[in-house]
Amino acid sequence: MPSTDLVLVGEFGPYDELSDIAHQQYVDGYAARGVAMCRRWQRLTRAAGDMTTYRFLLYTESICLQDLGRHEEAVAVARRLLGVTDQADAVWRAKALAMVAEASTRQGNHARAMGALAEADWAMHTIPPGSYGHLSASMAVALALRSVNLYENADERLRALQFAADPVVRLLVVHELAELSAAWAVSLTLVGDDAAAAGHYRRLAGRALNMQRCARAAGSPAMMARGEVFEAFALMHLGRLDLATARVRATTNRFDNRPELLETQLARLVLARAATEAGAYEGARVLLELSIRDAQSNGRDTWLATALEALADVDVAEHGRTPAAGIWKAVARGALARLWAEREGRFSALQDRDHIRRLTAETDRMGRVALQDPLTGLGNRRLLVSTLESATRPLSVVFIDVDDFKSINDLHSHAVGDEVLRRIGQILRAQCRTEDVIVRYGGDEFIILTSSDTERARTVAERVHEAIRSAGWRDVSPGLAVTVSVGVGLPDGEDESPLVAADIALLAAKRAGRDRVAGATAPPASRDADDDWDELRERGA
C-alpha cells in the first residue's frame, strides 16, 4: 500500500543527489565515469521536469570533458547549458560562460575565451552576494580567470569564498586556491622571476596545510593526501627535497593517481627530481614523459612547460650542459613566456569590456528613466509619443481611467491611492503581451498600444477591465473597491487617430455609468448610475 507520509524534497530539486554523485566523480578524478553518469541522468531529470538538476548535470559533464582533454565537446555542452538557461538566470549563465572560457583557453582560442569570460564576469554583478549561487558562480569564474593566467583576479575571487560555512564547500575552495598558487608559482619560475616565485611557494605550503585541515574536518582522507602532495611540491621548491619526497611517498595508495588530477602531475615532478638527484635518470624520464603526455592531453600549457624543463634538467644532470639541452629548455620557457606576456593585454581587454558594459547599462538605465513613470514602472507620455511616431504598423489604443479615483484618495489616503496605481500597473503587465506598450498617461489614466486587430484590442480591454474589477483590493485597504472605465480606439484609415477614438470611447463609457468597456463594437447599453452605486455598495465600497 502506498505511503501517505510527506517526503521532504531538497531545495535544489528531487534528483539533486544524482548531481552530487556525478560531481563527486569529477572531484575524485573519475572524469570519464562522471560524463557517463551525467549523460544517463540528464534524460531522467529533464523528463521529470527537474531543470535545476538537469543544468547541474550539464555543467558537470562539461567540466569532466575538459579534464579529459575533450575541450570542443566541453564547449558544446556548456552552450547546451546556455540554451536551457533563461537570460535572467545569472548564476547558470555565468557558470556556462566560464566553462566556455576555460575550455576555449585550453584549445588556444583566446579570443573566444576572453569574450565568454567578460560576459561571465558581467553576469556576476546581478547575483546576490552570500547566496549559494554567488559562491558557485564565483568559483567557476575564478577558475576561468586562472586558465588565462589572470592569477590576481582569480585569487581575489577564491579568497572571498574560503570561509564558506559548509566544510565540503570550504574544502573545494581551498583546494582550488592551492592549485592556483602552484600554477602561479611555477609560472613565475618559468619566466625567471625566482624571488616572486619563492613567495608563492611559501603561500602554497600554507594553503596545502589549510587544505589538509579542511579535508580532516570534511572527513576526506583522499583529499588530505592530495593536500600533502601540494605541500611536498612547495617544499621541493623551498629546498627541502628530502622531506618533499617522503611526503609524496607517504600518500601512496591513499588517493587514486588519476591522470586528470593535478596532484598526480605534482607527485611525479617531485619523484622525478628525487630520482634525478639520486642518479636514476631513466626512472626520472619515465615519470616526466608521463607528465608531458597528460599535460598535453589536458591542455595544461603551464604544466607541460614545467615537465619539459624538468626533462631538460635530467639531461643536464646526466650529460652536462649541452647546446641541445639549452635549446630544449628555452623552448619550454618560451611558450609560457609568450602566454605570460599576454597577461597584461588580457587584463586590459577584460577591464575594457567591463567598462563598455557599464557604460551601456548606465545609458540604458538613463534611457529607461527618461521614458518611465517612477511610480508604476510603466512607460510615460514620452514613450507613448515615441512609439506612435516610430510605429511601422497601425496600432489600436486601449484607454483606461480609474473610476472616481479622487474618492479613493479622500477615503483611504493618498498612500493607498499610490498603491492602487502601482497594482493596476502590475495587472496591466500581467494581462498584456510582451510586444504591447503600456504607459501611465497621467494621474489615474493608462494607455495600452496593441495590434490593430479589432478582436485583439477588444479582448485586451475586456480582460483588463475584469482583472482590475476582481482584484483583491480589500487586502490594500478594508472596504476598498476599484473599477475602471475603458475605451477602445482602432485605426480606421481616416483623419481621426486611434488615440482620439479611444478617448471618445472612454468618455462614452463614463457617461454610460462607468465600470465598463466602450468602443470597437456597438456602444454600451445605458445603465442607471444608481445601479452602479448599489453594486459598489454590495462589494463593500
# chains A, B, ... in the order shown; residues from 1 in each chain; ligands from 1
$ residues_around --residues "segment 455-466 of chain A" --least-positions-apart "4" --cutoff "7 Å" --atoms "only C-alpha atoms" --output "PyMOL selection string"
chain A and resi 396+398+428+431-432+450-451+470+484+486+488+517+520
$ closest_atom_pairs --of "segment 237-274 of chain A" --to "segment 216-226 of chain A" --cutoff "9 Å" --atoms "only C-alpha atoms" --output "tab-separated table"
residue	atom	partner	partner_atom	distance
A:Val248	CA	A:Ala225	CA	8.6
A:Ala250	CA	A:Ala225	CA	8.3
A:Thr251	CA	A:Ala225	CA	5.4
A:Thr252	CA	A:Ala225	CA	8.7
A:Arg254	CA	A:Ala222	CA	5.7
A:Phe255	CA	A:Ala222	CA	4.8
A:Asp256	CA	A:Ala222	CA	8.0
A:Glu263	CA	A:Arg226	CA	6.2
A:Thr264	CA	A:Arg226	CA	8.7
$ write_last_selection --atoms "C-alpha atoms" --output "PDB file, in the first residue's frame"
ATOM      1  CA  VAL A 248      54.763  12.105  -1.591  1.00  0.00           C
ATOM      2  CA  ALA A 250      53.508   8.659   2.309  1.00  0.00           C
ATOM      3  CA  THR A 251      50.484   9.324   0.072  1.00  0.00           C
ATOM      4  CA  THR A 252      50.901   6.065  -1.870  1.00  0.00           C
ATOM      5  CA  ARG A 254      45.785   6.993  -0.179  1.00  0.00           C
ATOM      6  CA  PHE A 255      44.269   8.567  -3.306  1.00  0.00           C
ATOM      7  CA  ASP A 256      43.870   7.347  -6.857  1.00  0.00           C
ATOM      8  CA  GLU A 263      48.261  16.208  -7.818  1.00  0.00           C
ATOM      9  CA  THR A 264      49.305  13.233  -9.961  1.00  0.00           C
TER      10      THR A 264
END
$ closest_residue --among "A:Ala232, A:Leu190, A:Ala196, A:Ala185" --to "Ala208 of chain A" --atoms "only C-alpha atoms"
A:Ala232
$ select_by_dssp --residues "segment 406-508 of chain A" --states "alpha helix (DSSP H)" --output "PyMOL selection string"
chain A and resi 406-412+414-431+454-469+498-508
$ write_last_selection --atoms "C-alpha atoms" --output "mmCIF file, in the first residue's frame"
data_model
loop_
_atom_site.group_PDB
_atom_site.id
_atom_site.type_symbol
_atom_site.label_atom_id
_atom_site.label_comp_id
_atom_site.auth_asym_id
_atom_site.auth_seq_id
_atom_site.Cartn_x
_atom_site.Cartn_y
_atom_site.Cartn_z
ATOM 1 C CA LYS A 406 -10.430 61.109 -6.011
ATOM 2 C CA SER A 407 -12.676 59.326 -3.528
ATOM 3 C CA ILE A 408 -10.032 56.600 -3.073
ATOM 4 C CA ASN A 409 -7.510 59.259 -2.039
ATOM 5 C CA ASP A 410 -10.058 61.052 0.151
ATOM 6 C CA LEU A 411 -11.482 57.973 1.890
ATOM 7 C CA HIS A 412 -8.413 55.715 2.105
ATOM 8 C CA HIS A 414 -3.012 59.126 -0.833
ATOM 9 C CA ALA A 415 -0.676 56.250 0.116
ATOM 10 C CA VAL A 416 -3.466 53.792 -0.699
ATOM 11 C CA GLY A 417 -4.130 55.687 -3.916
ATOM 12 C CA ASP A 418 -0.492 55.287 -4.934
ATOM 13 C CA GLU A 419 -0.640 51.571 -4.143
ATOM 14 C CA VAL A 420 -3.781 51.230 -6.283
ATOM 15 C CA LEU A 421 -1.943 52.770 -9.237
ATOM 16 C CA ARG A 422 1.057 50.511 -8.701
ATOM 17 C CA ARG A 423 -1.128 47.409 -8.585
ATOM 18 C CA ILE A 424 -3.032 48.456 -11.679
ATOM 19 C CA GLY A 425 0.345 48.726 -13.404
ATOM 20 C CA GLN A 426 1.124 45.140 -12.345
ATOM 21 C CA ILE A 427 -2.271 43.939 -13.569
ATOM 22 C CA LEU A 428 -1.784 45.602 -16.950
ATOM 23 C CA ARG A 429 1.602 43.906 -17.382
ATOM 24 C CA ALA A 430 0.100 40.536 -16.485
ATOM 25 C CA GLN A 431 -2.794 40.906 -18.952
ATOM 26 C CA THR A 454 -10.194 44.534 -33.652
ATOM 27 C CA GLU A 455 -10.717 41.311 -31.741
ATOM 28 C CA ARG A 456 -7.344 41.537 -30.045
ATOM 29 C CA ALA A 457 -7.889 45.111 -28.844
ATOM 30 C CA ARG A 458 -11.351 44.349 -27.519
ATOM 31 C CA THR A 459 -10.111 41.180 -25.777
ATOM 32 C CA VAL A 460 -7.307 43.087 -24.041
ATOM 33 C CA ALA A 461 -9.773 45.756 -22.917
ATOM 34 C CA GLU A 462 -12.270 43.246 -21.517
ATOM 35 C CA ARG A 463 -9.560 41.233 -19.781
ATOM 36 C CA VAL A 464 -8.007 44.291 -18.151
ATOM 37 C CA HIS A 465 -11.406 45.574 -17.073
ATOM 38 C CA GLU A 466 -12.348 42.286 -15.403
ATOM 39 C CA ALA A 467 -8.921 41.717 -13.819
ATOM 40 C CA ILE A 468 -8.971 45.139 -12.130
ATOM 41 C CA ARG A 469 -12.596 44.726 -11.073
ATOM 42 C CA PRO A 498 -6.935 55.668 -32.663
ATOM 43 C CA LEU A 499 -5.866 57.687 -29.587
ATOM 44 C CA VAL A 500 -8.621 60.213 -30.199
ATOM 45 C CA ALA A 501 -11.097 57.407 -30.914
ATOM 46 C CA ALA A 502 -10.176 55.670 -27.657
ATOM 47 C CA ASP A 503 -10.564 58.945 -25.730
ATOM 48 C CA ILE A 504 -14.046 59.439 -27.191
ATOM 49 C CA ALA A 505 -14.970 55.831 -26.365
ATOM 50 C CA LEU A 506 -13.714 56.296 -22.792
ATOM 51 C CA LEU A 507 -15.904 59.378 -22.409
ATOM 52 C CA ALA A 508 -18.858 57.326 -23.663
#
